[in-house]
Amino acid sequence: GHRWDRYNLGVANVNPATNNPDAVPSVQALYGNYYQWGRQAAVANAYSGDGAIAGWNNTPAPDGSWNSGTAAAPVKAPLDPCGTGDRLPSPAEYTRLGNYTRHTSIGNWTTFTGNTTVGLSDFTAAHIMTSRKSSDIKLSFPAAGHRNPTTGAQLIRQSSAIYWLNMEVGGNNSARQGRGFQSSWDTSTYLKYAGYPVRCIQDK
């Protein structure tokens, strides 16, 4: 498989000794940036506040903006925000990660009910994927919720650990996501101009 980053893209302190990526409960310093699908620049971070963001871009990025290859053979595109040697994961890579791990959760979760502001004051929840081969190997995905596709306001923190993947849904304004909840995980789609966190993997 791939080497997955232990931190969300945009986390300032990536020293495990002083900012444990698997902290229990999770903390605000592990949330990182929010990105609109297909765009390189971050549109918010965990410290941006929860209100609407002036000048929020409601235009969807073109297909292929994060993957100039195919679903089966991804190729990092120029607008992929991950650093040198890394790229956004594909839906198949996220599914493979999920299939080879055990799923648990930490922190204070709220019910996933769509566009709600419940839970915005809390940063403790995360979805945990632990290797089936070794319990010492795990990845923690903070339940960062998302930024509203129309206004950029923060929504549904603590009810969903949803992360952008590198594939669009061809022919419309949506793209693929990997989702972790308190007791389940899956892949889904949502509007490209919503803001979600990113977790990079090694580009090989």
# chains A, B, ... in the order shown; residues from 1 in each chain; ligands from 1
>>> closest_atom_pairs(of="region 104-200 of chain A", to="region 46-51 of chain A", cutoff="8 Å", atoms="only C-alpha atoms", output="Markdown table")
| residue | atom | partner | partner_atom | distance |
| --- | --- | --- | --- | --- |
| A:Leu120 | CA | A:Asp50 | CA | 7.6 |
| A:Gly152 | CA | A:Gly51 | CA | 7.5 |
| A:Ala153 | CA | A:Gly51 | CA | 4.7 |
| A:Gln154 | CA | A:Asp50 | CA | 4.7 |
| A:Leu155 | CA | A:Asp50 | CA | 7.8 |
>>> select_by_dssp(residues="region 4-137 of chain A", states="helix (DSSP H, G or I)", output="PyMOL selection string")
chain A and resi 28-30+91-99
>>> residues_around(residues="region 81-96 of chain A", least_positions_apart="3", cutoff="9 Å", atoms="only C-alpha atoms", output="JSON, numbers by chain")
{"A": [1, 2, 4, 5, 9, 35, 38, 39, 40, 41, 42, 66, 67, 71, 72, 74, 75, 76, 77, 78, 99, 100, 101, 164, 165, 166, 167, 176, 177, 178, 186, 187, 198, 199, 200, 201, 202, 203, 204]}
>>> atom_distance(atom1="CA of Arg3 (chain A)", atom2="CA of Ser68 (chain A)")
20.8 Å
>>> residues_around(residues="Leu191 (chain A)", least_positions_apart="5", cutoff="10 Å", atoms="only C-alpha atoms", output="list of chain:residue names")
A:Gln36, A:Trp37, A:Asn58, A:Pro60, A:Asn148, A:Pro149, A:Thr150, A:Glu168, A:Val169, A:Asn172, A:Asn173, A:Ser174, A:Ala175, A:Arg176
>>> closest_residue(among="A:Met129, A:Ala143, A:Ala12, A:Val43", to="Asn108 (chain A)", atoms="only C-alpha atoms")
A:Ala143
>>> residues_around(residues="Thr116 (chain A)", least_positions_apart="5", cutoff="10 Å", atoms="only C-alpha atoms", output="list in words")
Thr111, Gly145, Gln154, Leu155, Ile156, Arg157 and Ser159 of chain A
>>> write_last_selection(atoms="all heavy atoms", output="mmCIF file, in the first residue's frame")
data_model
loop_
_atom_site.group_PDB
_atom_site.id
_atom_site.type_symbol
_atom_site.label_atom_id
_atom_site.label_comp_id
_atom_site.auth_asym_id
_atom_site.auth_seq_id
_atom_site.Cartn_x
_atom_site.Cartn_y
_atom_site.Cartn_z
ATOM 1 N N THR A 111 -24.768 13.822 16.020
ATOM 2 C CA THR A 111 -25.459 13.103 14.955
ATOM 3 C C THR A 111 -25.259 13.797 13.616
ATOM 4 O O THR A 111 -25.366 15.021 13.507
ATOM 5 C CB THR A 111 -26.964 13.007 15.262
ATOM 6 O OG1 THR A 111 -27.135 12.352 16.516
ATOM 7 C CG2 THR A 111 -27.697 12.221 14.184
ATOM 8 N N GLY A 145 -15.837 18.113 9.817
ATOM 9 C CA GLY A 145 -17.015 18.631 9.133
ATOM 10 C C GLY A 145 -16.644 19.299 7.824
ATOM 11 O O GLY A 145 -15.675 18.913 7.170
ATOM 12 N N GLN A 154 -18.695 27.313 8.583
ATOM 13 C CA GLN A 154 -18.397 25.988 9.123
ATOM 14 C C GLN A 154 -19.683 25.249 9.500
ATOM 15 O O GLN A 154 -20.573 25.804 10.117
ATOM 16 C CB GLN A 154 -17.516 26.106 10.370
ATOM 17 C CG GLN A 154 -17.215 24.807 11.082
ATOM 18 C CD GLN A 154 -16.296 23.890 10.286
ATOM 19 O OE1 GLN A 154 -15.286 24.339 9.776
ATOM 20 N NE2 GLN A 154 -16.640 22.629 10.183
ATOM 21 N N LEU A 155 -19.751 23.961 9.127
ATOM 22 C CA LEU A 155 -20.899 23.130 9.449
ATOM 23 C C LEU A 155 -20.442 21.748 9.919
ATOM 24 O O LEU A 155 -19.352 21.296 9.601
ATOM 25 C CB LEU A 155 -21.819 22.974 8.235
ATOM 26 C CG LEU A 155 -22.457 24.252 7.693
ATOM 27 C CD1 LEU A 155 -23.124 23.978 6.359
ATOM 28 C CD2 LEU A 155 -23.477 24.798 8.689
ATOM 29 N N ILE A 156 -21.295 21.090 10.675
ATOM 30 C CA ILE A 156 -21.238 19.693 11.113
ATOM 31 C C ILE A 156 -19.892 19.228 11.658
ATOM 32 O O ILE A 156 -19.506 18.091 11.479
ATOM 33 C CB ILE A 156 -21.744 18.709 10.031
ATOM 34 C CG1 ILE A 156 -20.895 18.761 8.748
ATOM 35 C CG2 ILE A 156 -23.197 18.975 9.705
ATOM 36 C CD1 ILE A 156 -21.269 17.675 7.736
ATOM 37 N N ARG A 157 -19.147 20.081 12.346
ATOM 38 C CA ARG A 157 -17.962 19.591 13.044
ATOM 39 C C ARG A 157 -18.393 18.596 14.124
ATOM 40 O O ARG A 157 -19.439 18.764 14.746
ATOM 41 C CB ARG A 157 -17.194 20.756 13.665
ATOM 42 C CG ARG A 157 -15.858 20.342 14.283
ATOM 43 C CD ARG A 157 -15.172 21.518 14.962
ATOM 44 N NE ARG A 157 -14.774 22.511 13.985
ATOM 45 C CZ ARG A 157 -15.022 23.814 14.111
ATOM 46 N NH1 ARG A 157 -15.725 24.268 15.145
ATOM 47 N NH2 ARG A 157 -14.607 24.652 13.197
ATOM 48 N N SER A 159 -19.320 15.531 13.687
ATOM 49 C CA SER A 159 -20.253 14.502 13.222
ATOM 50 C C SER A 159 -19.745 13.755 11.996
ATOM 51 O O SER A 159 -20.339 12.752 11.606
ATOM 52 C CB SER A 159 -21.620 15.117 12.892
ATOM 53 O OG SER A 159 -21.537 15.953 11.752
#
>>> select_by_dssp(residues="chain A", states="strand (DSSP E)", output="number ranges by chain")
A: 33-36, 44-45, 86-87, 101-106, 126-131, 138-142, 146-147, 154-155, 161-168, 174-180, 185-191, 195-196, 201-202
>>> closest_residue(among="A:Pro25, A:Gly69, A:Gly195, A:Gly32", to="Asn8 (chain A)", atoms="only C-alpha atoms")
A:Gly32
>>> closest_residue(among="A:Thr130, A:Asn45, A:Thr104, A:Ser188", to="His146 (chain A)", atoms="only C-alpha atoms")
A:Asn45
>>> closest_residue(among="A:Thr151, A:Thr124, A:Thr18, A:Ser184", to="Ile106 (chain A)", atoms="only C-alpha atoms")
A:Thr124
>>> closest_residue(among="A:Leu139, A:Val24, A:Ala54, A:Leu97", to="Tyr7 (chain A)", atoms="only C-alpha atoms")
A:Leu139
>>> residues_around(residues="Phe181 (chain A)", least_positions_apart="6", cutoff="7 Å", atoms="only C-alpha atoms", output="compact mmCIF listing (two decimals) with N, CA, C and O atoms, in the first residue's frame")
# COMPACT_ATOMS: atom_id res chain seq x y z
N HIS A 127 -12.12 9.84 13.73
CA HIS A 127 -12.32 8.47 13.26
C HIS A 127 -10.94 7.82 13.17
O HIS A 127 -10.03 8.38 12.55
N SER A 159 -19.32 15.53 13.69
CA SER A 159 -20.25 14.50 13.22
C SER A 159 -19.75 13.75 12.00
O SER A 159 -20.34 12.75 11.61
N SER A 160 -18.64 14.22 11.39
CA SER A 160 -18.14 13.57 10.17
C SER A 160 -16.68 13.89 9.95
O SER A 160 -16.26 15.04 10.07
N ALA A 161 -15.91 12.85 9.65
CA ALA A 161 -14.52 13.01 9.24
C ALA A 161 -14.46 12.75 7.74
O ALA A 161 -14.21 11.64 7.29
>>> atom_distance(atom1="CA of Arg6 (chain A)", atom2="CA of Gln158 (chain A)")
19.2 Å
>>> residues_around(residues="Ser131 (chain A)", least_positions_apart="4", cutoff="8 Å", atoms="only C-alpha atoms", output="MDAnalysis selection string")
chainID A and resid 100:102 135:138
